[in-house]
Amino acid sequence: MTKNNKNFLNISLCLAAFSGILIFALKKWGHVEGAFGREANPFLVYTKAAHYFVTPILVFLIGTITHGHIKKYYESGMKKNRRTGLSNIITIIILVITGQSLLIIGSKDVKYFVEIIHLGTGSFFVFMAFYHQKK
Amino acid sequence: MELLRLRLIFLSLFLITVPVWGLVDPILDLNFFKNHSNCRTLRNYLYLNKDKMNLFKEKLGKNPDSAIFRRYELKCKNEEGSVYIMNGLVRSHYMTLLIHAVNKEVKDVKLVSFAEPTEYKPKVNWLQALNGRSFQKNIEIDGISGATLTTQTTKNLLNQVKIMENNFHDKK
């Protein structure tokens with residue numbers, strides 16, 4: 001993995017995490033009072049747009065390191081960082097699945113449950129991704 | 001002197017218009033109320049105290065989003081009813097319905113605002129099909145294809161009106 005690749009990955013990771021947490025906070029506590037009752041926060045649209053823009057880039061960047069980093073070190077049998085690396089792969093798969101599911105789920109209760117999983121897994125992924133690099 | 005007079009005029013205009021502007025209710029500016037201009041409209045907001053909130057929670061199965069409900073009494077020549085301005089979350093954004101209830105029945109349902117994409121917006125004829133539903137029976141409504149959350153929110157809002165009509169109908 002090149003230094004540029006790593007930097008882009010970290011920047012997109014931070015942006016995706018920040019926008020994701022902001023979406024949750026704005027949806028949960030950010031509603032405003034309009035003329036006819038509650039309204040969603042006006043910044044929610046832009047935060048969502050930012051998240052939808054950044055996350056495919058993040059997935060793409062992870063894709064770019066699949067061959068030269070993930071596959072290479074997995075096949076080499078290197079034990080250092082293996083656990084954190086594998087947990088990162090599992091969490092990114094869960095994140096993509098839950099993220100896509102959130103767009104199509106038709107039940108509010110299930111959607112809330114998936115939102116919590118997505119948020120929890122996302123936070124864990126950010127933590128583990130940096131831990132993986134530092135170790 | 002001229003400038004002082006102008007300032008005084010502007011200040012007095014400001015002092016008069018600001019409180020009056022604050023008194024204008026945007027809900028009463030809706031076409032529904034304009035079409036019922038021959039009827040008497042009284043604001044009768046419902047504030048849920050602890051007991052009412054518990055009853056509401058018991059009937060609805062969950063806490064309502066707000067403890068204040070926008071309710072208006074509409075007194076026409078032939079009939080008297082209540083108009084509820086109900087607001088609910090669809091997916092990420094809110095929709096507002098105007099629900100006119102007369103004699104524990106849905107008289108009219110109008111869409112006031114809808115912030116989700118237009119493909120999820122309920123059609124006028126779908127809303128008209130809700131007219132005549134009784135608040136004394138279970139409210140069952142046909143789903144909108146591709147807009148499940150809109151259907152669920154509409155049903156939830158109607159159920160909330162049902163609870164208010166059956167339990168907290170203290171007329172002014």
# chains A, B, ... in the order shown; residues from 1 in each chain; ligands from 1
$ interface_residues --of "chain A" --to "chain B" --cutoff "6 Å" --atoms "only C-alpha atoms" --output "PyMOL selection string"
chain A and resi 37+39-40+106
$ select_by_dssp --residues "chain B" --states "strand (DSSP E or B)" --output "PyMOL selection string"
chain B and resi 40-43+46-47+68-75+80-89+94-102+105-114+134
$ write_last_selection --atoms "C-alpha atoms" --output "short mmCIF file (atom, residue, chain, number, x, y, z; two decimals), in the first residue's frame"
data_model
loop_
_atom_site.label_atom_id
_atom_site.label_comp_id
_atom_site.auth_asym_id
_atom_site.auth_seq_id
_atom_site.Cartn_x
_atom_site.Cartn_y
_atom_site.Cartn_z
CA ARG B 40 -66.35 28.95 13.39
CA THR B 41 -62.83 27.75 14.16
CA LEU B 42 -61.57 27.45 17.71
CA ARG B 43 -58.06 26.47 18.66
CA LEU B 46 -54.41 19.00 23.49
CA TYR B 47 -51.66 18.86 26.08
CA ILE B 68 -48.86 18.64 22.30
CA PHE B 69 -51.41 18.00 19.57
CA ARG B 70 -52.68 20.69 17.26
CA ARG B 71 -56.44 20.41 17.40
CA TYR B 72 -59.10 22.84 16.17
CA GLU B 73 -62.83 22.73 16.72
CA LEU B 74 -64.75 23.42 13.54
CA LYS B 75 -68.31 24.51 14.17
CA GLU B 80 -69.42 20.12 14.50
CA GLY B 81 -66.11 18.38 14.28
CA SER B 82 -62.44 18.48 15.13
CA VAL B 83 -59.52 19.13 12.85
CA TYR B 84 -56.17 17.60 13.79
CA ILE B 85 -52.87 18.69 12.30
CA MET B 86 -50.88 15.48 12.66
CA ASN B 87 -47.19 15.27 12.05
CA GLY B 88 -45.19 12.04 11.72
CA LEU B 89 -41.81 10.74 10.65
CA TYR B 94 -41.76 14.29 8.23
CA MET B 95 -45.22 14.40 6.70
CA THR B 96 -48.16 16.44 7.99
CA LEU B 97 -51.79 15.44 7.58
CA LEU B 98 -54.91 17.42 8.27
CA ILE B 99 -57.53 15.03 9.62
CA HIS B 100 -61.11 16.27 9.95
CA ALA B 101 -63.13 14.11 12.33
CA VAL B 102 -66.90 14.37 12.67
CA GLU B 105 -65.56 9.26 11.76
CA VAL B 106 -62.96 10.50 9.30
CA LYS B 107 -64.63 13.25 7.29
CA ASP B 108 -61.63 14.42 5.32
CA VAL B 109 -57.88 13.84 5.13
CA LYS B 110 -55.60 16.35 3.43
CA LEU B 111 -51.87 16.31 2.93
CA VAL B 112 -50.38 19.50 4.35
CA SER B 113 -46.69 18.85 3.86
CA PHE B 114 -44.50 16.00 2.68
CA SER B 134 -64.90 4.91 11.87
#
$ atom_distance --atom1 "CA of Leu55 (chain B)" --atom2 "CA of Lys111 (chain A)"
26.7 Å
$ closest_residue --among "A:Phe130, A:Tyr74, A:Tyr46, A:Phe53" --to "Asn10 (chain A)" --atoms "only C-alpha atoms"
A:Phe130
$ atom_distance --atom1 "CA of Ile70 (chain A)" --atom2 "CA of Leu119 (chain A)"
24.2 Å
$ residues_around --residues "region 22-25 of chain A" --least-positions-apart "2" --cutoff "10 Å" --atoms "only C-alpha atoms" --output "list in words"
Ala16, Ala17, Phe18, Ser19, Gly20, Lys27, Lys28, Trp29, Gly30, His31, Asn41, Phe43, Leu44, Val45, Tyr46, Thr47, Lys48, Ala50, His51, Glu115, Ile116 and Leu119 of chain A; Ser92 of chain B
$ select_by_dssp --residues "region 11-171 of chain B" --states "helix (DSSP H, G or I)" --output "PyMOL selection string"
chain B and resi 11-23+26-29+31-35+50-60+118-120+124-128+148-167
$ atom_distance --atom1 "CA of Thr98 (chain A)" --atom2 "CA of Thr55 (chain A)"
12.7 Å
$ residues_around --residues "Ile141 (chain B)" --least-positions-apart "3" --cutoff "10 Å" --atoms "only C-alpha atoms" --output "count of residues only"
12
$ closest_residue --among "A:Asp109, A:Phe125, A:Ser101, A:Met78" --to "Lys62 (chain B)" --atoms "only C-alpha atoms"
A:Asp109
$ residues_around --residues "Ile90 (chain A)" --least-positions-apart "4" --cutoff "12 Å" --atoms "only C-alpha atoms" --output "MDAnalysis selection string"
chainID A and resid 83:86 94:97 121:122 124:125 128:129
$ write_last_selection --atoms "C-alpha atoms" --output "PDB file, in the first residue's frame"
ATOM      1  CA  ARG A  83      -6.682 -10.557  13.631  1.00  0.00           C
ATOM      2  CA  THR A  84      -7.343  -6.830  13.257  1.00  0.00           C
ATOM      3  CA  GLY A  85      -7.130  -7.131   9.471  1.00  0.00           C
ATOM      4  CA  LEU A  86      -9.644  -9.974   9.350  1.00  0.00           C
ATOM      5  CA  ILE A  94     -21.406  -5.919   7.614  1.00  0.00           C
ATOM      6  CA  LEU A  95     -21.260  -2.145   7.049  1.00  0.00           C
ATOM      7  CA  VAL A  96     -21.969  -2.445   3.321  1.00  0.00           C
ATOM      8  CA  ILE A  97     -24.820  -4.920   3.866  1.00  0.00           C
ATOM      9  CA  THR A 121     -20.077  -1.547  13.431  1.00  0.00           C
ATOM     10  CA  GLY A 122     -18.989   1.716  11.787  1.00  0.00           C
ATOM     11  CA  PHE A 124     -15.804  -0.250  15.650  1.00  0.00           C
ATOM     12  CA  PHE A 125     -14.421  -0.226  12.087  1.00  0.00           C
ATOM     13  CA  MET A 128      -9.980  -1.039  14.407  1.00  0.00           C
ATOM     14  CA  ALA A 129      -8.748   0.498  11.128  1.00  0.00           C
TER      15      ALA A 129
END
$ residues_around --residues "Cys14 (chain A)" --least-positions-apart "5" --cutoff "10 Å" --atoms "only C-alpha atoms" --output "PyMOL selection string"
chain A and resi 8-9+19-20+54+58+126
